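See structure below.
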Amino acid sequence: MEKITESPSPYNDLERMSTTELLGHINTEDRGVPEAVGRVLPEIAKLVEAIAERMRRGGRLFYLGAGTSGRLGIVDASECPPTFGVPHGLVVGLIAGGDRAIRKAVEFAEDDREQGWKDLGEHAIGADDTVVGIAASGGTPYVVGALETCRRHGILTACITCNPGAPVTTVSDHPIVVVVGPEFVTGSTRMKSGTAQKLVLNMISTAVMIRLGRVKGNRMVDMQLSNVKLIDRGTRMVMEGLDIGYDEANALLKQHGSVRRAIDSGRG
């Protein structure tokens, strides 16, 4: 059976289209992605609750993928410490071929069924951890093999794929299947499939961090103050939280090193 992600594009003779026509058709296809994600919100919600429960016990979240899928996981994982103030290593992105594959494709790295588990082993993967395999096609050996071994060791597994019934869904406790249909360029899953994966990853990490108390109101009160823009944003959050002036808020923020601690100290 042909995979949906590999099925022919509904558009043909792309090289004969004007630039405006190309962009218009791509945009039309992209509009359906959020709707497809919306159809699997119940499944995403169950996964978020399961991850948060394990993280409260000291567990971690691992994203595992190859190519575009692996890079998307790394991007989401890398944003968690600066956004939510969590330690590096709480959310980890792993890619077939290692760090050099982030910038340049490593040939056949995704075809090694054993390497995913070996990569997880370097992080002392344990029973309270969660591993989310990201594979648009749903058949990537690097991902499928790792999740299969995780299940044998009692580690919670999930996947984000765009093909119903794909092999990765059979080794996942929480399969997330976002059916976005054929790609504008046949088989180019960095497009709609990649967009769907990015949306789901945003949902997972953001909702988990909110469940863990890393957001207050709608503010990133634990964000890292790593540049001038973020210090200014944090200062304004302290101003709002304590109803004080900019200079006083800025001094409190610098003294305590985080928005949360600055506001708590001001109220204490």
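Just so we're on the same page: first chain in the structure tokens is A, next is B, and so on; residues restart at 1 for each chain, and ligands are numbered from 1 in the order they show up.
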* To do: Could you give me the residues within segment 87-264 of chain A that DSSP places in alpha helix (DSSP H), as number ranges by chain?
  => A: 115-121, 141-152, 192-211, 228-242, 246-256, 259-264
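Among the residues of segment 103-259 of chain A, backbone DSSP assigns strand (DSSP E or B) to Thr130, Val131, Val132, Gly133, Ile134, Leu156, Thr157, Ala158, Cys159, Ile160, Thr161, His174, Pro175, Ile176, Val177, Lys216 and Arg219 of chain A.
The smallest atom-to-atom distance between Trp117 of chain A and any of A:Val259, A:Leu94, A:Val177, A:Ile210, using only C-alpha atoms, is found for A:Leu94.
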* segment 183-200 of chain A surroundings by only C-alpha atoms, 8 Å radius, close-in-sequence under 3 positions cut, as a ChimeraX atom specification -> /A:5-11,25-26,29-30,33-34,36-37,44,68-69,72,134,136,160-162,178,180,203-204
With N, CA and C atoms retained, could you export that selection as a short mmCIF file (atom, residue, chain, number, x, y, z; two decimals), in the first residue's frame?
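Just written: result_28.cif:
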```
data_model
loop_
_atom_site.label_atom_id
_atom_site.label_comp_id
_atom_site.auth_asym_id
_atom_site.auth_seq_id
_atom_site.Cartn_x
_atom_site.Cartn_y
_atom_site.Cartn_z
N THR A 5 2.22 9.97 2.41
CA THR A 5 3.29 10.96 2.26
C THR A 5 4.07 10.80 0.96
N GLU A 6 3.94 9.65 0.31
CA GLU A 6 4.64 9.40 -0.95
C GLU A 6 3.70 9.46 -2.16
N SER A 7 2.43 9.66 -1.93
CA SER A 7 1.47 9.66 -3.03
C SER A 7 1.63 10.93 -3.88
N PRO A 8 1.24 10.85 -5.15
CA PRO A 8 1.50 11.97 -6.07
C PRO A 8 0.81 13.26 -5.65
N SER A 9 1.50 14.36 -5.88
CA SER A 9 0.93 15.68 -5.65
C SER A 9 -0.29 15.89 -6.54
N PRO A 10 -1.30 16.60 -6.04
CA PRO A 10 -2.45 16.91 -6.90
C PRO A 10 -2.14 17.97 -7.95
N TYR A 11 -0.94 18.52 -7.89
CA TYR A 11 -0.52 19.54 -8.86
C TYR A 11 0.53 18.94 -9.79
N HIS A 25 -0.53 28.01 -4.50
CA HIS A 25 -0.87 26.60 -4.29
C HIS A 25 -0.23 26.04 -3.01
N ILE A 26 1.01 26.43 -2.75
CA ILE A 26 1.65 25.99 -1.50
C ILE A 26 0.86 26.50 -0.31
N GLU A 29 -2.30 24.51 0.23
CA GLU A 29 -2.03 23.22 0.86
C GLU A 29 -1.72 23.39 2.35
N ASP A 30 -0.94 24.41 2.67
CA ASP A 30 -0.55 24.63 4.07
C ASP A 30 -1.74 24.91 4.98
N VAL A 33 -3.13 22.09 7.22
CA VAL A 33 -2.31 21.44 8.25
C VAL A 33 -2.86 21.66 9.66
N PRO A 34 -3.18 22.89 10.07
CA PRO A 34 -3.74 23.07 11.42
C PRO A 34 -5.04 22.29 11.64
N ALA A 36 -5.76 19.41 10.28
CA ALA A 36 -5.37 18.01 10.48
C ALA A 36 -4.85 17.79 11.90
N VAL A 37 -4.07 18.74 12.40
CA VAL A 37 -3.59 18.65 13.78
C VAL A 37 -4.76 18.70 14.75
N ILE A 44 -3.01 14.00 21.52
CA ILE A 44 -1.91 14.84 22.01
C ILE A 44 -2.10 15.13 23.50
N THR A 68 14.75 15.87 8.43
CA THR A 68 13.92 17.00 8.87
C THR A 68 13.26 16.71 10.20
N SER A 69 12.74 15.50 10.37
CA SER A 69 12.06 15.14 11.62
C SER A 69 12.99 15.26 12.82
N LEU A 72 13.69 18.98 13.60
CA LEU A 72 12.57 19.64 14.27
C LEU A 72 12.55 19.30 15.76
N ILE A 134 9.83 10.74 15.87
CA ILE A 134 9.27 11.65 14.87
C ILE A 134 9.64 11.11 13.49
N ALA A 136 7.84 11.25 9.57
CA ALA A 136 6.71 11.58 8.69
C ALA A 136 6.20 10.33 7.99
N ILE A 160 5.10 10.78 16.23
CA ILE A 160 4.41 11.78 15.40
C ILE A 160 4.67 11.38 13.96
N THR A 161 3.62 10.97 13.27
CA THR A 161 3.76 10.53 11.89
C THR A 161 2.59 11.05 11.07
N CYS A 162 2.68 10.88 9.75
CA CYS A 162 1.62 11.37 8.87
C CYS A 162 1.02 10.25 8.02
N VAL A 178 -1.03 12.54 12.11
CA VAL A 178 -1.58 13.75 11.51
C VAL A 178 -1.61 13.57 9.99
N VAL A 180 -2.01 14.79 6.60
CA VAL A 180 -2.05 16.06 5.88
C VAL A 180 -2.19 15.86 4.37
N MET A 203 3.01 22.13 20.70
CA MET A 203 1.93 21.83 21.64
C MET A 203 2.43 20.98 22.80
N ILE A 204 3.19 19.94 22.49
CA ILE A 204 3.64 19.01 23.52
C ILE A 204 4.52 19.74 24.55
#
```
* Tell me, in Å to one decimal, how far atom CA of Arg16 of chain A is from atom CA of Lys3 of chain A. => 26.9 Å
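Rounded to one decimal, atom CA of Ser258 of chain A and atom CA of Gly213 of chain A lie 14.6 Å from each other.
Between Glu107 of chain A and the residues A:Asp264, A:Glu240, A:Val92, A:Ala66, the shortest atom-to-atom distance, using only C-alpha atoms, involves A:Ala66.
Using only C-alpha atoms for every distance, the candidate list A:Asp243, A:Glu21, A:Asp99, A:Asp129 yields A:Asp129 as the residue closest to Ala50 of chain A.
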* To do: Name the residues in contact with segment 73-82 of chain A at a cut-off of 9 Å, using only C-alpha atoms, excluding same-chain residues fewer than 3 positions from it; report them as number ranges by chain.
  => A: 61-65, 68-70, 85-95, 102, 134, 197-198, 201-202, 205-206, 209, 222-226
Next, dump the selected residues to file, keeping only N, CA and C atoms, as a CSV table (one decimal), in the first residue's frame.
```csv
chain,number,residue,atom,x,y,z
A,61,LEU,N,12.2,14.0,28.7
A,61,LEU,CA,11.5,13.8,27.4
A,61,LEU,C,12.6,13.8,26.3
A,62,PHE,N,12.5,12.7,25.5
A,62,PHE,CA,13.5,12.5,24.3
A,62,PHE,C,12.7,12.6,23.0
A,63,TYR,N,13.2,13.4,22.1
A,63,TYR,CA,12.7,13.3,20.7
A,63,TYR,C,13.8,12.6,19.9
A,64,LEU,N,13.3,11.7,19.0
A,64,LEU,CA,14.2,10.9,18.2
A,64,LEU,C,13.7,10.9,16.7
A,65,GLY,N,14.6,11.3,15.8
A,65,GLY,CA,14.2,11.4,14.4
A,65,GLY,C,15.4,11.4,13.5
A,68,THR,N,14.8,15.9,8.4
A,68,THR,CA,13.9,17.0,8.9
A,68,THR,C,13.3,16.7,10.2
A,69,SER,N,12.7,15.5,10.4
A,69,SER,CA,12.1,15.1,11.6
A,69,SER,C,13.0,15.3,12.8
A,70,GLY,N,14.2,14.8,12.7
A,70,GLY,CA,15.2,14.9,13.8
A,70,GLY,C,15.5,16.3,14.1
A,85,GLY,N,13.2,28.0,31.5
A,85,GLY,CA,14.2,27.9,32.6
A,85,GLY,C,14.5,26.5,33.1
A,86,VAL,N,14.2,25.5,32.3
A,86,VAL,CA,14.5,24.1,32.7
A,86,VAL,C,15.9,23.8,32.4
A,87,PRO,N,16.5,22.8,33.1
A,87,PRO,CA,17.9,22.5,32.8
A,87,PRO,C,18.1,21.8,31.5
A,88,HIS,N,19.2,22.1,30.9
A,88,HIS,CA,19.6,21.3,29.7
A,88,HIS,C,19.6,19.8,30.0
A,89,GLY,N,19.0,19.0,29.1
A,89,GLY,CA,19.0,17.6,29.4
A,89,GLY,C,17.6,17.1,29.9
A,90,LEU,N,16.7,18.1,30.2
A,90,LEU,CA,15.4,17.6,30.6
A,90,LEU,C,14.6,17.3,29.3
A,91,VAL,N,14.8,18.0,28.3
A,91,VAL,CA,14.2,17.7,27.0
A,91,VAL,C,15.4,17.6,26.0
A,92,VAL,N,15.5,16.4,25.4
A,92,VAL,CA,16.6,16.1,24.5
A,92,VAL,C,16.2,15.7,23.1
A,93,GLY,N,16.8,16.3,22.1
A,93,GLY,CA,16.6,15.9,20.7
A,93,GLY,C,17.8,15.1,20.2
A,94,LEU,N,17.5,14.0,19.6
A,94,LEU,CA,18.5,13.1,19.0
A,94,LEU,C,18.2,12.9,17.5
A,95,ILE,N,19.2,12.9,16.7
A,95,ILE,CA,19.0,12.8,15.3
A,95,ILE,C,19.9,11.7,14.7
A,102,ILE,N,22.7,17.5,11.8
A,102,ILE,CA,21.9,18.7,11.9
A,102,ILE,C,22.0,19.6,10.7
A,134,ILE,N,9.8,10.7,15.9
A,134,ILE,CA,9.3,11.7,14.9
A,134,ILE,C,9.6,11.1,13.5
A,197,GLN,N,4.4,18.4,12.1
A,197,GLN,CA,5.3,17.9,13.2
A,197,GLN,C,5.7,19.1,14.1
A,198,LYS,N,6.0,20.2,13.5
A,198,LYS,CA,6.4,21.4,14.3
A,198,LYS,C,5.3,21.8,15.2
A,201,LEU,N,4.9,19.4,18.1
A,201,LEU,CA,6.0,19.5,19.0
A,201,LEU,C,5.8,20.8,19.9
A,202,ASN,N,5.4,21.9,19.3
A,202,ASN,CA,5.1,23.1,20.0
A,202,ASN,C,4.1,22.8,21.1
A,205,SER,N,5.6,20.4,24.1
A,205,SER,CA,6.5,21.0,25.0
A,205,SER,C,5.9,22.1,25.8
A,206,THR,N,5.1,23.0,25.1
A,206,THR,CA,4.5,24.1,25.8
A,206,THR,C,3.5,23.7,26.8
A,209,MET,N,5.2,22.1,29.9
A,209,MET,CA,5.8,23.0,30.8
A,209,MET,C,4.8,23.8,31.6
A,222,ASP,N,10.0,32.0,34.1
A,222,ASP,CA,11.3,31.3,34.4
A,222,ASP,C,12.3,31.4,33.3
A,223,MET,N,12.0,32.2,32.3
A,223,MET,CA,12.9,32.3,31.1
A,223,MET,C,14.3,32.7,31.5
A,224,GLN,N,15.2,32.3,30.7
A,224,GLN,CA,16.6,32.7,30.9
A,224,GLN,C,16.8,34.1,30.4
A,225,LEU,N,17.5,34.9,31.2
A,225,LEU,CA,17.8,36.3,30.8
A,225,LEU,C,19.1,36.4,30.1
A,226,SER,N,19.1,35.9,28.8
A,226,SER,CA,20.3,35.7,28.1
A,226,SER,C,20.6,36.7,27.1
```
* To do: Find the spatial neighbours of segment 140-148 of chain A, counting only C-alpha atoms, within a cut-off of 10 Å - ignore same-chain residues fewer than 5 positions away - and output them as an MDAnalysis selection string.
  => chainID A and resid 63:66 70 95:97 108:120 131:135 153 155:159 166:173
Residue subset to file, keeping C-alpha atoms, as a PDB file, in the first residue's frame:
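Below is the file that was written, part17.pdb:
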```
ATOM      1  CA  TYR A  63      12.719  13.335  20.707  1.00  0.00           C
ATOM      2  CA  LEU A  64      14.159  10.906  18.176  1.00  0.00           C
ATOM      3  CA  GLY A  65      14.170  11.351  14.407  1.00  0.00           C
ATOM      4  CA  ALA A  66      16.097  11.433  11.144  1.00  0.00           C
ATOM      5  CA  GLY A  70      15.181  14.885  13.762  1.00  0.00           C
ATOM      6  CA  ILE A  95      19.043  12.772  15.265  1.00  0.00           C
ATOM      7  CA  ALA A  96      20.235   9.832  13.187  1.00  0.00           C
ATOM      8  CA  GLY A  97      23.855  10.474  12.279  1.00  0.00           C
ATOM      9  CA  PHE A 108      22.065   5.804   5.419  1.00  0.00           C
ATOM     10  CA  ALA A 109      22.178   6.880   9.089  1.00  0.00           C
ATOM     11  CA  GLU A 110      18.400   6.491   9.372  1.00  0.00           C
ATOM     12  CA  ASP A 111      18.577   2.885   8.173  1.00  0.00           C
ATOM     13  CA  ASP A 112      20.380   1.586  11.277  1.00  0.00           C
ATOM     14  CA  ARG A 113      17.727  -0.087  13.406  1.00  0.00           C
ATOM     15  CA  GLU A 114      20.008  -0.420  16.448  1.00  0.00           C
ATOM     16  CA  GLN A 115      21.590   3.030  16.589  1.00  0.00           C
ATOM     17  CA  GLY A 116      18.589   4.870  18.053  1.00  0.00           C
ATOM     18  CA  TRP A 117      18.644   2.741  21.184  1.00  0.00           C
ATOM     19  CA  LYS A 118      22.432   3.155  21.414  1.00  0.00           C
ATOM     20  CA  ASP A 119      22.027   6.939  21.231  1.00  0.00           C
ATOM     21  CA  LEU A 120      19.423   6.857  23.990  1.00  0.00           C
ATOM     22  CA  VAL A 131      10.643   8.808  23.994  1.00  0.00           C
ATOM     23  CA  VAL A 132       8.786  10.426  21.099  1.00  0.00           C
ATOM     24  CA  GLY A 133       9.754   9.134  17.676  1.00  0.00           C
ATOM     25  CA  ILE A 134       9.270  11.654  14.873  1.00  0.00           C
ATOM     26  CA  ALA A 135       8.926  10.127  11.419  1.00  0.00           C
ATOM     27  CA  HIS A 153      12.348  -1.919  28.737  1.00  0.00           C
ATOM     28  CA  ILE A 155       9.821   3.103  28.710  1.00  0.00           C
ATOM     29  CA  LEU A 156       6.827   5.152  27.548  1.00  0.00           C
ATOM     30  CA  THR A 157       6.799   5.626  23.777  1.00  0.00           C
ATOM     31  CA  ALA A 158       4.989   7.946  21.377  1.00  0.00           C
ATOM     32  CA  CYS A 159       5.298   8.945  17.755  1.00  0.00           C
ATOM     33  CA  ALA A 166       2.741   3.039   9.711  1.00  0.00           C
ATOM     34  CA  PRO A 167       5.213   0.713  11.506  1.00  0.00           C
ATOM     35  CA  VAL A 168       6.092   3.389  14.064  1.00  0.00           C
ATOM     36  CA  THR A 169       2.495   3.419  15.317  1.00  0.00           C
ATOM     37  CA  THR A 170       2.719  -0.270  16.268  1.00  0.00           C
ATOM     38  CA  VAL A 171       5.563   0.384  18.728  1.00  0.00           C
ATOM     39  CA  SER A 172       4.079   3.547  20.267  1.00  0.00           C
ATOM     40  CA  ASP A 173       1.940   3.758  23.395  1.00  0.00           C
TER      41      ASP A 173
END
```
* To do: Would you kindly return, as a VMD selection string, each protein, DNA or RNA residue with an atom no farther than 7 Å from any atom of Ile4 of chain A, considering only C-alpha atoms and excluding same-chain residues fewer than 6 positions away?
  => chain A and resid 163 181 to 182
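Using only C-alpha atoms, the shortest contact distance between Arg211 of chain A and any of A:Gly165, A:Val228, A:Ile125, A:Ala45 is found at A:Ala45.
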